[in-house]
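Shown next, in structure tokens, is the structure this report addresses.
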Amino acid sequence: MGMTDKKKKIKKIYVLLEKYFGDLKWWPAESSFEVIVGAILTQNTAWGNVEKAIANLRQKKVLAPGRIATMKPAKLSQLIRSSGYHRVKAQRLREVSRFILRECKGKLSRLKKQDAAGLRGKLLQVKGIGPETADSILIYALDKPTFVVDAYTKRIFARHTLVGEDASYDEIQSLVHSFFTMDKKALNQYHALLVEAGKHFCKKRTPLCEDCPLKVLL
DNA sequence: TGCCAGGCCGGGT
DNA sequence: ACCCGGCATGGC
């Protein structure tokens, strides 16, 4: 497929999904730090399980980097138990909290003033933050236009032959960054639309989706 | 009742 | 530079 065709297809997928799902207004949270916590907790985990964990943290008044960083690991892991992998995730929450305290004394508004590329590099050095979590933090917590590539994105793009089955994270992200747009709202919406489409029509065991709004492209 | 969910790390090749 | 096992709870 030529580059021009890929560009058209990327846009077409967006248009069809938006027509079907509408404006999703994704990832609402009460604070940037809550977004970061959610980004860690939702790693390979259904969002419903994450919400309970965040509710626990809020109820205990520990939804702040200073509190997370100083809490005993056993206590923290119990609070986030519902999100799965709670021991490793407790450690990851501690790591990212320490990073925030170190980098901006806990003031995320200050962190937002740094440039996107530099921030991404720093985030990737934090143990427990990989490319998807870093990009989720960049766009949803730190206001940086970034396309987040997740398992659904890869599956849907591969299914529509935009990329190969073995495409890397950076390859897929570069494709969207160069052929779609760098507008923050649109990138947010695209990610949300792909996840929604994946949940409804493109699960692992059901690659054939009769009612998928993207069916017309196949 | 297995299978899957908005990944990432560490050790091995 | 990849490949793989481990990490774990809750919903369908």
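Chain labels A, B, ... are given in the sequence in which chains occur in the structure tokens; within each chain residues are numbered consecutively from 1, and ligands are likewise numbered from 1 in the order shown.
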Determine, counting only C-alpha atoms (C1' of nucleotides), which protein, DNA and RNA residues have an atom within 12 Å of an atom of DT13 (chain B); residues of the same chain fewer than 4 positions away are not included. Present the result as a short mmCIF file (atom, residue, chain, number, x, y, z; two decimals) with N, CA and C atoms (P, O5', C5', C4', C3', O3' and C1' of nucleotides), in the first residue's frame.
```cif
data_model
loop_
_atom_site.label_atom_id
_atom_site.label_comp_id
_atom_site.auth_asym_id
_atom_site.auth_seq_id
_atom_site.Cartn_x
_atom_site.Cartn_y
_atom_site.Cartn_z
P DA C 1 19.79 -2.37 19.20
"O5'" DA C 1 19.11 -3.67 18.62
"C5'" DA C 1 18.41 -3.66 17.40
"C4'" DA C 1 17.89 -5.05 17.14
"C3'" DA C 1 16.43 -5.17 17.57
"O3'" DA C 1 15.73 -5.77 16.49
"C1'" DA C 1 17.77 -6.82 18.68
P DC C 2 14.16 -5.76 16.50
"O5'" DC C 2 13.79 -6.80 17.65
"C5'" DC C 2 12.73 -7.67 17.43
"C4'" DC C 2 13.16 -9.10 17.71
"C3'" DC C 2 12.02 -9.88 18.39
"O3'" DC C 2 11.97 -11.16 17.79
"C1'" DC C 2 13.98 -9.99 19.71
P DC C 3 10.67 -12.05 17.95
"O5'" DC C 3 11.01 -12.82 19.28
"C5'" DC C 3 11.92 -13.92 19.23
"C4'" DC C 3 11.84 -14.68 20.53
"C3'" DC C 3 10.39 -14.88 21.02
"O3'" DC C 3 10.25 -16.22 21.45
"C1'" DC C 3 11.70 -13.81 22.70
P DC C 4 8.78 -16.82 21.72
"O5'" DC C 4 8.82 -16.94 23.30
"C5'" DC C 4 9.94 -17.59 23.91
"C4'" DC C 4 9.89 -17.36 25.41
"C3'" DC C 4 8.49 -17.46 26.00
"O3'" DC C 4 8.51 -18.29 27.13
"C1'" DC C 4 9.53 -15.44 26.68
#
```
Give the helix (DSSP H, G or I) residues of region 71-126 of chain A, as DSSP finds them on the backbone, and put them as a short mmCIF file (atom, residue, chain, number, x, y, z; two decimals) with N, CA and C atoms, in the first residue's frame.
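The result, written out as selection-v4.cif:
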```cif
data_model
loop_
_atom_site.label_atom_id
_atom_site.label_comp_id
_atom_site.auth_asym_id
_atom_site.auth_seq_id
_atom_site.Cartn_x
_atom_site.Cartn_y
_atom_site.Cartn_z
N PRO A 73 4.90 -0.44 51.26
CA PRO A 73 4.52 -1.19 50.06
C PRO A 73 3.36 -2.15 50.30
N ALA A 74 3.37 -2.83 51.42
CA ALA A 74 2.30 -3.80 51.72
C ALA A 74 0.95 -3.10 51.81
N LYS A 75 0.95 -1.93 52.42
CA LYS A 75 -0.28 -1.15 52.57
C LYS A 75 -0.78 -0.67 51.21
N LEU A 76 0.14 -0.13 50.43
CA LEU A 76 -0.22 0.37 49.11
C LEU A 76 -0.75 -0.75 48.22
N SER A 77 -0.08 -1.88 48.22
CA SER A 77 -0.50 -2.97 47.33
C SER A 77 -1.88 -3.49 47.73
N GLN A 78 -2.22 -3.42 48.99
CA GLN A 78 -3.56 -3.85 49.39
C GLN A 78 -4.63 -2.89 48.88
N LEU A 79 -4.33 -1.61 48.89
CA LEU A 79 -5.30 -0.62 48.42
C LEU A 79 -5.58 -0.76 46.93
N ARG A 81 -5.25 -3.61 45.20
CA ARG A 81 -5.34 -5.04 44.93
C ARG A 81 -6.23 -5.37 43.73
N SER A 82 -7.34 -4.67 43.61
CA SER A 82 -8.30 -4.99 42.54
C SER A 82 -7.73 -4.78 41.14
N SER A 83 -6.68 -4.02 41.01
CA SER A 83 -6.16 -3.72 39.68
C SER A 83 -5.21 -4.79 39.15
N HIS A 86 -0.74 -6.37 41.85
CA HIS A 86 -0.70 -5.25 42.80
C HIS A 86 0.66 -5.02 43.44
N ARG A 87 1.47 -6.08 43.56
CA ARG A 87 2.80 -5.87 44.16
C ARG A 87 3.72 -5.09 43.23
N VAL A 88 3.77 -5.50 41.97
CA VAL A 88 4.63 -4.76 41.03
C VAL A 88 4.09 -3.35 40.80
N LYS A 89 2.78 -3.23 40.76
CA LYS A 89 2.21 -1.90 40.50
C LYS A 89 2.41 -0.97 41.68
N ALA A 90 2.41 -1.50 42.87
CA ALA A 90 2.70 -0.66 44.04
C ALA A 90 4.11 -0.11 43.93
N GLN A 91 5.02 -0.95 43.52
CA GLN A 91 6.41 -0.50 43.33
C GLN A 91 6.49 0.55 42.22
N ARG A 92 5.73 0.33 41.15
CA ARG A 92 5.76 1.29 40.04
C ARG A 92 5.17 2.63 40.44
N LEU A 93 4.10 2.61 41.24
CA LEU A 93 3.52 3.86 41.72
C LEU A 93 4.52 4.60 42.60
N ARG A 94 5.26 3.85 43.37
CA ARG A 94 6.28 4.47 44.21
C ARG A 94 7.38 5.10 43.36
N GLU A 95 7.80 4.38 42.34
CA GLU A 95 8.86 4.89 41.46
C GLU A 95 8.43 6.18 40.76
N VAL A 96 7.22 6.18 40.21
CA VAL A 96 6.79 7.37 39.47
C VAL A 96 6.54 8.53 40.44
N SER A 97 6.11 8.25 41.63
CA SER A 97 5.90 9.30 42.64
C SER A 97 7.22 9.93 43.03
N ARG A 98 8.22 9.10 43.23
CA ARG A 98 9.55 9.62 43.56
C ARG A 98 10.10 10.45 42.41
N PHE A 99 9.81 10.00 41.20
CA PHE A 99 10.25 10.77 40.02
C PHE A 99 9.62 12.17 40.02
N ILE A 100 8.33 12.23 40.31
CA ILE A 100 7.62 13.51 40.30
C ILE A 100 8.15 14.44 41.39
N LEU A 101 8.40 13.89 42.55
CA LEU A 101 8.94 14.70 43.64
C LEU A 101 10.33 15.23 43.29
N ARG A 102 11.11 14.37 42.69
CA ARG A 102 12.48 14.71 42.31
C ARG A 102 12.50 15.76 41.20
N GLU A 103 11.59 15.61 40.26
CA GLU A 103 11.62 16.42 39.05
C GLU A 103 10.97 17.79 39.23
N CYS A 104 9.93 17.88 40.07
CA CYS A 104 9.20 19.16 40.19
C CYS A 104 8.60 19.36 41.56
N LEU A 108 2.97 19.21 39.29
CA LEU A 108 2.92 18.77 37.90
C LEU A 108 2.77 19.93 36.93
N SER A 109 2.19 21.04 37.40
CA SER A 109 2.06 22.21 36.53
C SER A 109 3.44 22.70 36.10
N ARG A 110 4.43 22.47 36.93
CA ARG A 110 5.79 22.85 36.58
C ARG A 110 6.40 21.86 35.59
N LEU A 111 6.06 20.59 35.78
CA LEU A 111 6.58 19.56 34.88
C LEU A 111 6.09 19.79 33.45
N ALA A 116 8.30 18.05 25.31
CA ALA A 116 7.73 16.71 25.22
C ALA A 116 8.79 15.62 25.04
N ALA A 117 9.73 15.85 24.14
CA ALA A 117 10.74 14.82 23.87
C ALA A 117 11.58 14.52 25.11
N GLY A 118 11.98 15.58 25.80
CA GLY A 118 12.77 15.40 27.01
C GLY A 118 11.99 14.67 28.08
N LEU A 119 10.74 15.05 28.25
CA LEU A 119 9.89 14.39 29.25
C LEU A 119 9.72 12.91 28.93
N ARG A 120 9.51 12.61 27.67
CA ARG A 120 9.31 11.21 27.30
C ARG A 120 10.54 10.38 27.66
N GLY A 121 11.70 10.92 27.36
CA GLY A 121 12.93 10.22 27.69
C GLY A 121 13.07 9.99 29.18
N LYS A 122 12.73 10.99 29.97
CA LYS A 122 12.83 10.85 31.43
C LYS A 122 11.82 9.84 31.95
N LEU A 123 10.61 9.89 31.42
CA LEU A 123 9.57 8.95 31.87
C LEU A 123 9.99 7.51 31.57
N LEU A 124 10.59 7.31 30.40
CA LEU A 124 10.98 5.95 30.01
C LEU A 124 12.10 5.40 30.89
N GLN A 125 12.78 6.26 31.59
CA GLN A 125 13.83 5.80 32.49
C GLN A 125 13.27 5.35 33.84
#
```
Next on the checklist: as a PyMOL selection string, please: the residues near His160 (chain A) (cut-off 12 Å, only C-alpha atoms (C1' of nucleotides), same-chain neighbours under 2 positions excluded).
Outcome noted: chain A and resi 1+5-6+9-10+12-13+153-158+162-165+202+207-208+214-218
Those same residues - N, CA and C atoms - I'd like them written as a compact mmCIF listing (two decimals), in the first residue's frame.
```
# COMPACT_ATOMS: atom_id res chain seq x y z
N MET A 1 0.85 -1.21 0.00
CA MET A 1 0.00 0.00 0.00
C MET A 1 0.88 1.25 0.00
N ASP A 5 -2.23 6.15 0.27
CA ASP A 5 -3.35 5.29 0.64
C ASP A 5 -3.41 5.08 2.14
N LYS A 6 -2.24 4.93 2.74
CA LYS A 6 -2.21 4.76 4.19
C LYS A 6 -2.77 5.99 4.89
N LYS A 9 -6.46 6.02 4.63
CA LYS A 9 -7.08 4.98 5.44
C LYS A 9 -7.09 5.34 6.92
N ILE A 10 -5.98 5.92 7.36
CA ILE A 10 -5.91 6.35 8.76
C ILE A 10 -7.00 7.37 9.06
N LYS A 12 -9.78 7.74 7.32
CA LYS A 12 -11.08 7.11 7.14
C LYS A 12 -11.51 6.33 8.38
N ILE A 13 -10.55 5.63 8.97
CA ILE A 13 -10.85 4.88 10.19
C ILE A 13 -11.34 5.84 11.27
N THR A 153 -5.00 -0.80 19.04
CA THR A 153 -4.51 -0.05 17.88
C THR A 153 -3.73 -0.96 16.95
N LYS A 154 -2.82 -1.71 17.54
CA LYS A 154 -1.99 -2.60 16.73
C LYS A 154 -2.85 -3.64 16.01
N ARG A 155 -3.81 -4.20 16.73
CA ARG A 155 -4.66 -5.24 16.15
C ARG A 155 -5.49 -4.69 15.00
N ILE A 156 -6.10 -3.53 15.22
CA ILE A 156 -6.97 -2.94 14.20
C ILE A 156 -6.16 -2.48 12.99
N PHE A 157 -5.03 -1.84 13.24
CA PHE A 157 -4.20 -1.37 12.12
C PHE A 157 -3.65 -2.55 11.31
N ALA A 158 -3.27 -3.61 12.01
CA ALA A 158 -2.75 -4.78 11.30
C ALA A 158 -3.87 -5.42 10.48
N LEU A 162 -2.48 -1.72 7.56
CA LEU A 162 -1.69 -0.48 7.62
C LEU A 162 -0.28 -0.78 8.09
N VAL A 163 -0.17 -1.81 8.93
CA VAL A 163 1.13 -2.25 9.43
C VAL A 163 1.15 -3.77 9.45
N GLY A 164 2.33 -4.34 9.61
CA GLY A 164 2.43 -5.79 9.73
C GLY A 164 2.06 -6.23 11.13
N GLU A 165 1.82 -7.52 11.30
CA GLU A 165 1.45 -8.06 12.61
C GLU A 165 2.54 -7.82 13.65
N CYS A 202 -13.25 -5.97 18.12
CA CYS A 202 -12.00 -6.61 17.70
C CYS A 202 -11.26 -7.25 18.86
N PRO A 207 -11.61 -11.98 15.63
CA PRO A 207 -11.09 -11.05 14.63
C PRO A 207 -12.12 -10.71 13.56
N LEU A 208 -13.07 -11.57 13.36
CA LEU A 208 -14.12 -11.29 12.39
C LEU A 208 -15.26 -10.54 13.06
N LEU A 214 -16.01 -0.39 10.82
CA LEU A 214 -14.89 -0.39 9.87
C LEU A 214 -15.01 -1.48 8.82
N LYS A 215 -16.07 -2.24 8.89
CA LYS A 215 -16.23 -3.38 7.98
C LYS A 215 -16.15 -2.96 6.51
N VAL A 216 -16.66 -1.79 6.22
CA VAL A 216 -16.70 -1.32 4.83
C VAL A 216 -15.30 -1.13 4.24
N LEU A 217 -14.29 -1.06 5.10
CA LEU A 217 -12.92 -0.84 4.61
C LEU A 217 -12.23 -2.14 4.21
N LEU A 218 -12.78 -3.26 4.61
CA LEU A 218 -12.10 -4.54 4.35
C LEU A 218 -12.43 -5.13 2.99
```
Please tabulate, as JSON lines, the residues of chain A that come within 12 Å of chain B, each with its closest pair of atoms and the distance in Å to one decimal, counting only C-alpha atoms (C1' of nucleotides) and ordering rows by chain, then residue number upward.
```
{"residue": "A:Trp26", "atom": "CA", "partner": "B:DG6", "partner_atom": "C1'", "distance": 11.4}
{"residue": "A:Trp27", "atom": "CA", "partner": "B:DG6", "partner_atom": "C1'", "distance": 10.5}
{"residue": "A:Gly38", "atom": "CA", "partner": "B:DG6", "partner_atom": "C1'", "distance": 10.0}
{"residue": "A:Ala39", "atom": "CA", "partner": "B:DG6", "partner_atom": "C1'", "distance": 8.4}
{"residue": "A:Ile40", "atom": "CA", "partner": "B:DG7", "partner_atom": "C1'", "distance": 8.9}
{"residue": "A:Leu41", "atom": "CA", "partner": "B:DG7", "partner_atom": "C1'", "distance": 9.9}
{"residue": "A:Thr42", "atom": "CA", "partner": "B:DG6", "partner_atom": "C1'", "distance": 6.4}
{"residue": "A:Gln43", "atom": "CA", "partner": "B:DG7", "partner_atom": "C1'", "distance": 4.8}
{"residue": "A:Asn44", "atom": "CA", "partner": "B:DG7", "partner_atom": "C1'", "distance": 5.2}
{"residue": "A:Thr45", "atom": "CA", "partner": "B:DA5", "partner_atom": "C1'", "distance": 4.5}
{"residue": "A:Ala46", "atom": "CA", "partner": "B:DA5", "partner_atom": "C1'", "distance": 4.3}
{"residue": "A:Trp47", "atom": "CA", "partner": "B:DG6", "partner_atom": "C1'", "distance": 7.3}
{"residue": "A:Gly48", "atom": "CA", "partner": "B:DA5", "partner_atom": "C1'", "distance": 9.6}
{"residue": "A:Asn49", "atom": "CA", "partner": "B:DA5", "partner_atom": "C1'", "distance": 9.5}
{"residue": "A:Val50", "atom": "CA", "partner": "B:DG6", "partner_atom": "C1'", "distance": 10.8}
{"residue": "A:Ser83", "atom": "CA", "partner": "B:DA5", "partner_atom": "C1'", "distance": 10.4}
{"residue": "A:Gly84", "atom": "CA", "partner": "B:DA5", "partner_atom": "C1'", "distance": 10.4}
{"residue": "A:Tyr85", "atom": "CA", "partner": "B:DG7", "partner_atom": "C1'", "distance": 11.0}
{"residue": "A:Val88", "atom": "CA", "partner": "B:DC8", "partner_atom": "C1'", "distance": 9.9}
{"residue": "A:Lys89", "atom": "CA", "partner": "B:DC8", "partner_atom": "C1'", "distance": 10.3}
{"residue": "A:Arg92", "atom": "CA", "partner": "B:DC8", "partner_atom": "C1'", "distance": 10.1}
{"residue": "A:Leu124", "atom": "CA", "partner": "B:DC8", "partner_atom": "C1'", "distance": 10.9}
{"residue": "A:Val126", "atom": "CA", "partner": "B:DC8", "partner_atom": "C1'", "distance": 11.1}
{"residue": "A:Lys127", "atom": "CA", "partner": "B:DC9", "partner_atom": "C1'", "distance": 8.3}
{"residue": "A:Gly128", "atom": "CA", "partner": "B:DC8", "partner_atom": "C1'", "distance": 5.9}
{"residue": "A:Ile129", "atom": "CA", "partner": "B:DC8", "partner_atom": "C1'", "distance": 7.1}
{"residue": "A:Gly130", "atom": "CA", "partner": "B:DC8", "partner_atom": "C1'", "distance": 6.2}
{"residue": "A:Pro131", "atom": "CA", "partner": "B:DG7", "partner_atom": "C1'", "distance": 9.1}
{"residue": "A:Glu132", "atom": "CA", "partner": "B:DG7", "partner_atom": "C1'", "distance": 7.7}
{"residue": "A:Thr133", "atom": "CA", "partner": "B:DG7", "partner_atom": "C1'", "distance": 8.0}
{"residue": "A:Ala134", "atom": "CA", "partner": "B:DG7", "partner_atom": "C1'", "distance": 11.1}
{"residue": "A:Asp135", "atom": "CA", "partner": "B:DG6", "partner_atom": "C1'", "distance": 12.0}
{"residue": "A:Ser136", "atom": "CA", "partner": "B:DG6", "partner_atom": "C1'", "distance": 9.5}
{"residue": "A:Val148", "atom": "CA", "partner": "B:DG6", "partner_atom": "C1'", "distance": 9.5}
{"residue": "A:Val149", "atom": "CA", "partner": "B:DG6", "partner_atom": "C1'", "distance": 9.3}
{"residue": "A:Asp150", "atom": "CA", "partner": "B:DG6", "partner_atom": "C1'", "distance": 6.5}
{"residue": "A:Ala151", "atom": "CA", "partner": "B:DG6", "partner_atom": "C1'", "distance": 7.8}
{"residue": "A:Tyr152", "atom": "CA", "partner": "B:DG6", "partner_atom": "C1'", "distance": 8.1}
{"residue": "A:Thr153", "atom": "CA", "partner": "B:DG6", "partner_atom": "C1'", "distance": 9.9}
{"residue": "A:Tyr169", "atom": "CA", "partner": "B:DG7", "partner_atom": "C1'", "distance": 11.9}
{"residue": "A:His191", "atom": "CA", "partner": "B:DG6", "partner_atom": "C1'", "distance": 9.3}
{"residue": "A:Ala192", "atom": "CA", "partner": "B:DG6", "partner_atom": "C1'", "distance": 8.9}
{"residue": "A:Leu193", "atom": "CA", "partner": "B:DG6", "partner_atom": "C1'", "distance": 11.3}
{"residue": "A:Leu194", "atom": "CA", "partner": "B:DG6", "partner_atom": "C1'", "distance": 9.9}
{"residue": "A:Val195", "atom": "CA", "partner": "B:DG6", "partner_atom": "C1'", "distance": 6.7}
{"residue": "A:Glu196", "atom": "CA", "partner": "B:DG6", "partner_atom": "C1'", "distance": 9.5}
{"residue": "A:Ala197", "atom": "CA", "partner": "B:DG6", "partner_atom": "C1'", "distance": 11.9}
{"residue": "A:Gly198", "atom": "CA", "partner": "B:DG6", "partner_atom": "C1'", "distance": 10.0}
{"residue": "A:Lys199", "atom": "CA", "partner": "B:DA5", "partner_atom": "C1'", "distance": 9.4}
{"residue": "A:Lys203", "atom": "CA", "partner": "B:DC4", "partner_atom": "C1'", "distance": 8.5}
{"residue": "A:Lys204", "atom": "CA", "partner": "B:DC4", "partner_atom": "C1'", "distance": 7.9}
{"residue": "A:Arg205", "atom": "CA", "partner": "B:DC3", "partner_atom": "C1'", "distance": 8.9}
{"residue": "A:Thr206", "atom": "CA", "partner": "B:DC4", "partner_atom": "C1'", "distance": 11.7}
```
Item to check | For chain C, the nearest of the candidates A:Tyr20, A:Lys107, A:Ser168, A:Gly66, counting only C-alpha atoms (C1' of nucleotides) | outcome: A:Ser168
Next on the checklist: Select, as a VMD selection string, those residues of chain C with any atom no more than 12 Å from chain A (distances computed using only C-alpha atoms (C1' of nucleotides)).
Outcome noted: chain C and resid 2 6 to 11
With C-alpha atoms (C1' of nucleotides) retained, could you export that selection as a PDB file, in the first residue's frame?
```
ATOM      1  C1'  DC C   2      13.980  -9.995  19.713  1.00  0.00           C
ATOM      2  C1'  DG C   6       6.160 -13.864  35.315  1.00  0.00           C
ATOM      3  C1'  DC C   7       3.133 -10.692  37.418  1.00  0.00           C
ATOM      4  C1'  DA C   8      -2.866 -11.181  39.490  1.00  0.00           C
ATOM      5  C1'  DT C   9      -7.611  -9.574  39.953  1.00  0.00           C
ATOM      6  C1'  DG C  10     -12.395  -9.467  38.205  1.00  0.00           C
ATOM      7  C1'  DG C  11     -15.948  -9.911  34.402  1.00  0.00           C
TER       8       DG C  11
END
```
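Atom pair CA of Ala55 (chain A) / CA of Leu24 (chain A) has a distance of 22.0 Å (rounded to one decimal).
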Checklist entry - If you count only C-alpha atoms (C1' of nucleotides), which residues fall within 9 Å of Asp143 (chain A), apart from same-chain ones fewer than 6 positions away, as an MDAnalysis selection string? => result chainID A and resid 112 137 184
Those same residues, written as a short mmCIF file (atom, residue, chain, number, x, y, z; two decimals), in the first residue's frame with N, CA and C atoms?
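Final output, result.cif:
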```cif
data_model
loop_
_atom_site.label_atom_id
_atom_site.label_comp_id
_atom_site.auth_asym_id
_atom_site.auth_seq_id
_atom_site.Cartn_x
_atom_site.Cartn_y
_atom_site.Cartn_z
N LYS A 112 4.87 20.33 33.34
CA LYS A 112 4.27 20.55 32.03
C LYS A 112 5.04 21.57 31.20
N ILE A 137 0.72 9.29 29.81
CA ILE A 137 1.01 10.36 30.77
C ILE A 137 1.24 11.68 30.04
N LYS A 184 -3.83 17.81 19.72
CA LYS A 184 -4.02 17.05 20.95
C LYS A 184 -5.42 16.44 21.09
#
```
